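Below: the structure, in structure tokens.
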Amino acid sequence: MFTIFTPLIMIMIQQEISTKKKKKIIPFIIVGIIFITGGFYAYNTIMHNMHFEETDNAQVETNAIPVLTRVAGYIDSINLSDYQNVLANQIALTIDDAEFKIAVQQAEADLLLAKADYSAALADVKNSNSQINNIQANTGVAQANAAIQQERLNKANIDLQRDEALYAAGAITKKQLEDSKANYIIASKQLQANDKQISQISTQTGTANAQIEKSKSSIEKANALIAIRQAGLETAKLKLSYTKIIMPINGRIGKINLQKGQYIQPGQPLFSIVNNQRYWVVANFKETQLARLKIGQTVNVKMDGYPNNDITGKIVEFSDATGAKTTLLPADNASGNFVKVTQRIPVKIEFDNIAPIKEILKSGLSVSIEVKVK
């Protein structure tokens with residue numbers, strides 16, 4: 001009986017010993033697999049870090065242009081809806097322009113009045129010039145008459161001297177001598193009258209010249225006033241044109257918080273236009289990564305919202321300041337306790353081909369960046 005169970009017992013003992021050996025080997029196998037897997041992962045990580053620099057501190061960027069109003073007024077009409085695509089030079093909304101049209105009409109009337117003043121001053125100059133011409137003609141006549149009267153006076157003086165000699169010799173009568181004296185006195189008085197006339201004409205010439213200078217000054221003032229009124233008219237027309245809010249670029253707008261009849265003021269932001277024609281990425285790399293980054297390096301971009309899209313780009317520009325320095329209130333390490341913090345530098349990345357991904361790009365989307373450095 002004992003001899004029958006002895007082989008069975010031996011077999012069971014051997015199986016138990018084999019099972020114990022296997023149980024001892026399994027942990028070593030598991031540890032080996034973990035070690036190999038860890039080594040493989042570490043190798044891949046080291047090799048990847050040797051050839052790439054990474055950051056997930058990156059976003060898609062584009063230009064967002066605020067649309068402002070330049071004049072105050074009440075909104076007359078709105079030609080927009082929320083999140084609408086818009087085109088450059090499209091009229092977004094209009095402001096009630098009644099007051100601005102009246103201002104243009106007033107400026108036009110002021111300009112016409114200034115031009116009338118100019119015409120009047122110009123007419124005064126023409127009249128004064130005509131007076132000068134008449135005065136010059138009268139001066140010539142008076143001077144000619146004075147020359148004639150001078151000759152007559154000279155002749156009367158010669159006749160008087162001759163008649164005085166003849167009267168002393170008894171050759172003529174006293175009446176003839178008195179006639180010669182009368183002729184001399186008359187000639188002398190006529191010459192004096194001509195001299196006074198010439199003096200009066202000279203005075204008139206000075207008055208006319210002064211009037212011309214005054215009229216010229218009036219013309220200059222009228223010209224200056226015309227320029228002022230013209231500028232006022234252009235300003236009024238410009239303000240009238242500002243009652244139509246024009247889109248500056250192509251793009252897409254956000255939510256519109258405007259209503260017809262709402263009062264808006266100059267400089268008030270109405271809404272913003274996102275330029276959906278051009279996008280880029282701004283990635284914030286640590287300062288310890290910059291030594292391996294260069295303009296022109298290839299970049300792999302992974303969008304968090306679209307991880308299956310293969311997107312590539314290139315580094316095009318580095319910021320000249322850290323992100324901390326461009327904030328509204330940069331940190332001042334010169335006071336208090338100093339804690340060294342690794343700074344980040346914004347790096348601009350442009351897409352290689354934006355056309356296939358243009359529809360999924362949105363400003364502000366998060367992306368992860370891999371830069372191939374080797």
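FYI, nothing fancy with the structure tokens labels: chains A, B, ... in order, residues from 1 per chain, ligands from 1 as they appear.
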Considering only alpha helix (DSSP H) as DSSP defines it on the backbone, what residues of segment 227-266 of chain A qualify? List them as a PyMOL selection string. chain A and resi 227-241
Export, as a JSON list (two decimals), in the first residue's frame, the selected residues with C-alpha atoms.
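Saved as result_32.json:
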[["chain", "number", "residue", "atom", "x", "y", "z"],
["A", 227, "ALA", "CA", -9.64, 129.91, -45.41],
["A", 228, "ILE", "CA", -11.13, 129.67, -41.91],
["A", 229, "ARG", "CA", -14.66, 129.25, -43.26],
["A", 230, "GLN", "CA", -13.45, 126.66, -45.76],
["A", 231, "ALA", "CA", -11.76, 124.71, -42.97],
["A", 232, "GLY", "CA", -14.95, 124.97, -40.92],
["A", 233, "LEU", "CA", -16.96, 123.61, -43.84],
["A", 234, "GLU", "CA", -14.54, 120.70, -44.31],
["A", 235, "THR", "CA", -14.71, 119.96, -40.58],
["A", 236, "ALA", "CA", -18.51, 119.99, -40.66],
["A", 237, "LYS", "CA", -18.53, 117.66, -43.68],
["A", 238, "LEU", "CA", -16.01, 115.38, -41.97],
["A", 239, "LYS", "CA", -18.15, 115.15, -38.84],
["A", 240, "LEU", "CA", -21.16, 114.43, -41.03],
["A", 241, "SER", "CA", -19.25, 111.54, -42.63]]
Surrounding residues of Lys255 of chain A excluding itself and chain neighbours under 2 positions, 8 Å, only C-alpha atoms, as a list in words: Ser81, Asp82, Tyr83, Ile253, Asn257 and Phe271 of chain A
Let me see the file: selected residues, C-alpha atoms, as a PDB file, in the first residue's frame.
ATOM      1  CA  SER A  81     -26.022  90.934 -35.910  1.00  0.00           C
ATOM      2  CA  ASP A  82     -24.041  88.994 -33.306  1.00  0.00           C
ATOM      3  CA  TYR A  83     -20.953  87.078 -34.532  1.00  0.00           C
ATOM      4  CA  ILE A 253     -17.492  90.652 -34.864  1.00  0.00           C
ATOM      5  CA  ASN A 257     -24.654  95.366 -27.203  1.00  0.00           C
ATOM      6  CA  PHE A 271     -17.505  96.426 -30.635  1.00  0.00           C
TER       7      PHE A 271
END
Which residue of A:Asn300, A:Val60, A:Gln105, A:Glu370 approaches Asn276 of chain A most closely, using only C-alpha atoms: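 Selected residue with least distance to Asn276 of chain A: A:Val60.
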Excluding segment 323-325 of chain A and any residue of its chain fewer than 4 positions from it, enumerate the residues within 9 Å of it, using only C-alpha atoms, and give them as a PyMOL selection string. chain A and resi 284+319+329-331+343-346
Write a file of the just-selected residues containing N, CA and C atoms, as a PDB file, in the first residue's frame.
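Dumped to selection02.pdb:
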ATOM      1  N   ASN A 284       5.188  80.897 -25.068  1.00  0.00           N
ATOM      2  CA  ASN A 284       6.014  81.462 -23.997  1.00  0.00           C
ATOM      3  C   ASN A 284       6.989  80.399 -23.512  1.00  0.00           C
ATOM      4  N   SER A 319      10.439  88.040 -28.725  1.00  0.00           N
ATOM      5  CA  SER A 319      10.167  89.289 -28.015  1.00  0.00           C
ATOM      6  C   SER A 319      11.456  89.810 -27.389  1.00  0.00           C
ATOM      7  N   LEU A 329       1.796  96.109 -14.380  1.00  0.00           N
ATOM      8  CA  LEU A 329       2.562  96.387 -13.167  1.00  0.00           C
ATOM      9  C   LEU A 329       3.689  95.361 -13.058  1.00  0.00           C
ATOM     10  N   PRO A 330       4.839  95.611 -13.721  1.00  0.00           N
ATOM     11  CA  PRO A 330       5.941  94.644 -13.659  1.00  0.00           C
ATOM     12  C   PRO A 330       6.508  94.536 -12.250  1.00  0.00           C
ATOM     13  N   ALA A 331       6.992  93.332 -11.928  1.00  0.00           N
ATOM     14  CA  ALA A 331       7.555  93.098 -10.596  1.00  0.00           C
ATOM     15  C   ALA A 331       8.841  93.902 -10.417  1.00  0.00           C
ATOM     16  N   GLN A 343      11.843  83.080 -15.903  1.00  0.00           N
ATOM     17  CA  GLN A 343      11.062  83.968 -16.762  1.00  0.00           C
ATOM     18  C   GLN A 343      10.720  83.280 -18.087  1.00  0.00           C
ATOM     19  N   ARG A 344       9.699  83.794 -18.731  1.00  0.00           N
ATOM     20  CA  ARG A 344       9.286  83.263 -20.023  1.00  0.00           C
ATOM     21  C   ARG A 344       9.339  84.363 -21.077  1.00  0.00           C
ATOM     22  N   ILE A 345       9.763  83.977 -22.280  1.00  0.00           N
ATOM     23  CA  ILE A 345       9.913  84.901 -23.401  1.00  0.00           C
ATOM     24  C   ILE A 345       8.875  84.560 -24.466  1.00  0.00           C
ATOM     25  N   PRO A 346       8.038  85.528 -24.882  1.00  0.00           N
ATOM     26  CA  PRO A 346       7.100  85.262 -25.985  1.00  0.00           C
ATOM     27  C   PRO A 346       7.845  85.061 -27.305  1.00  0.00           C
TER      28      PRO A 346
END
I want to know what sits within 6 Å of segment 154-170 of chain A, based on only C-alpha atoms, with residues of the same chain fewer than 3 positions away left out; could you give that as a VMD selection string? chain A and resid 151 177 180 to 181 183 to 184
Output file for the selection above: N, CA and C atoms, as a compact mmCIF listing (two decimals), in the first residue's frame:
# COMPACT_ATOMS: atom_id res chain seq x y z
N GLU A 151 4.46 180.62 -67.69
CA GLU A 151 4.90 181.36 -68.87
C GLU A 151 4.18 182.70 -68.97
N LEU A 177 0.42 201.42 -68.21
CA LEU A 177 1.25 200.84 -67.16
C LEU A 177 0.38 200.08 -66.16
N SER A 180 -0.60 196.70 -67.48
CA SER A 180 0.51 195.74 -67.39
C SER A 180 0.63 195.19 -65.96
N LYS A 181 0.45 196.12 -64.95
CA LYS A 181 0.50 195.64 -63.56
C LYS A 181 -0.65 194.68 -63.27
N ASN A 183 -2.23 192.76 -65.39
CA ASN A 183 -1.96 191.46 -66.06
C ASN A 183 -0.96 190.63 -65.27
N TYR A 184 0.06 191.27 -64.67
CA TYR A 184 1.06 190.55 -63.89
C TYR A 184 0.41 189.95 -62.63
Given only C-alpha atoms as the counted atoms, nearest of A:Ile245, A:Ile172, A:Ile315, A:Ile349 to Val281 of chain A: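 Selected residue with least distance to Val281 of chain A: A:Ile349.
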Return as an MDAnalysis selection string the full set of residues in segment 227-359 of chain A whose backbone-based DSSP assignment is strand (DSSP E). chainID A and resid 244:246 251:253 263:264 269:274 280:286 298:303 311:318 344:351
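Proximity to Pro66 of chain A was assessed for A:Ala120, A:Ala98, A:Val31, A:Val274 counting only C-alpha atoms; the smallest distance is recorded for A:Val274.
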Pick from A:Leu122, A:Leu87, A:Val373, A:Ile34, whichever lies nearest to Gly251 of chain A using only C-alpha atoms: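 Using only C-alpha atoms, Gly251 of chain A sits closest to A:Leu87.
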Need to verify the contact set: Lys372 of chain A, 7 Å, only C-alpha atoms, exclusion of same-chain residues closer than 4 positions in sequence. Can you return it as a JSON list (two decimals) with C-alpha atoms, in the first residue's frame?
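Listed below is the output, part09.json:
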[["chain", "number", "residue", "atom", "x", "y", "z"],
["A", 51, "HIS", "CA", 15.94, 67.05, -30.63],
["A", 52, "PHE", "CA", 12.96, 69.13, -29.43],
["A", 53, "GLU", "CA", 12.05, 71.98, -27.07],
["A", 297, "GLN", "CA", 13.27, 76.44, -36.93],
["A", 298, "THR", "CA", 10.44, 74.03, -37.73],
["A", 299, "VAL", "CA", 7.61, 73.87, -35.21]]
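Considering the residues A:Ala147, A:Leu112, A:Ile46, A:Ala121 and counting only C-alpha atoms, Asn194 of chain A has its shortest atom-to-atom contact with A:Ala147.
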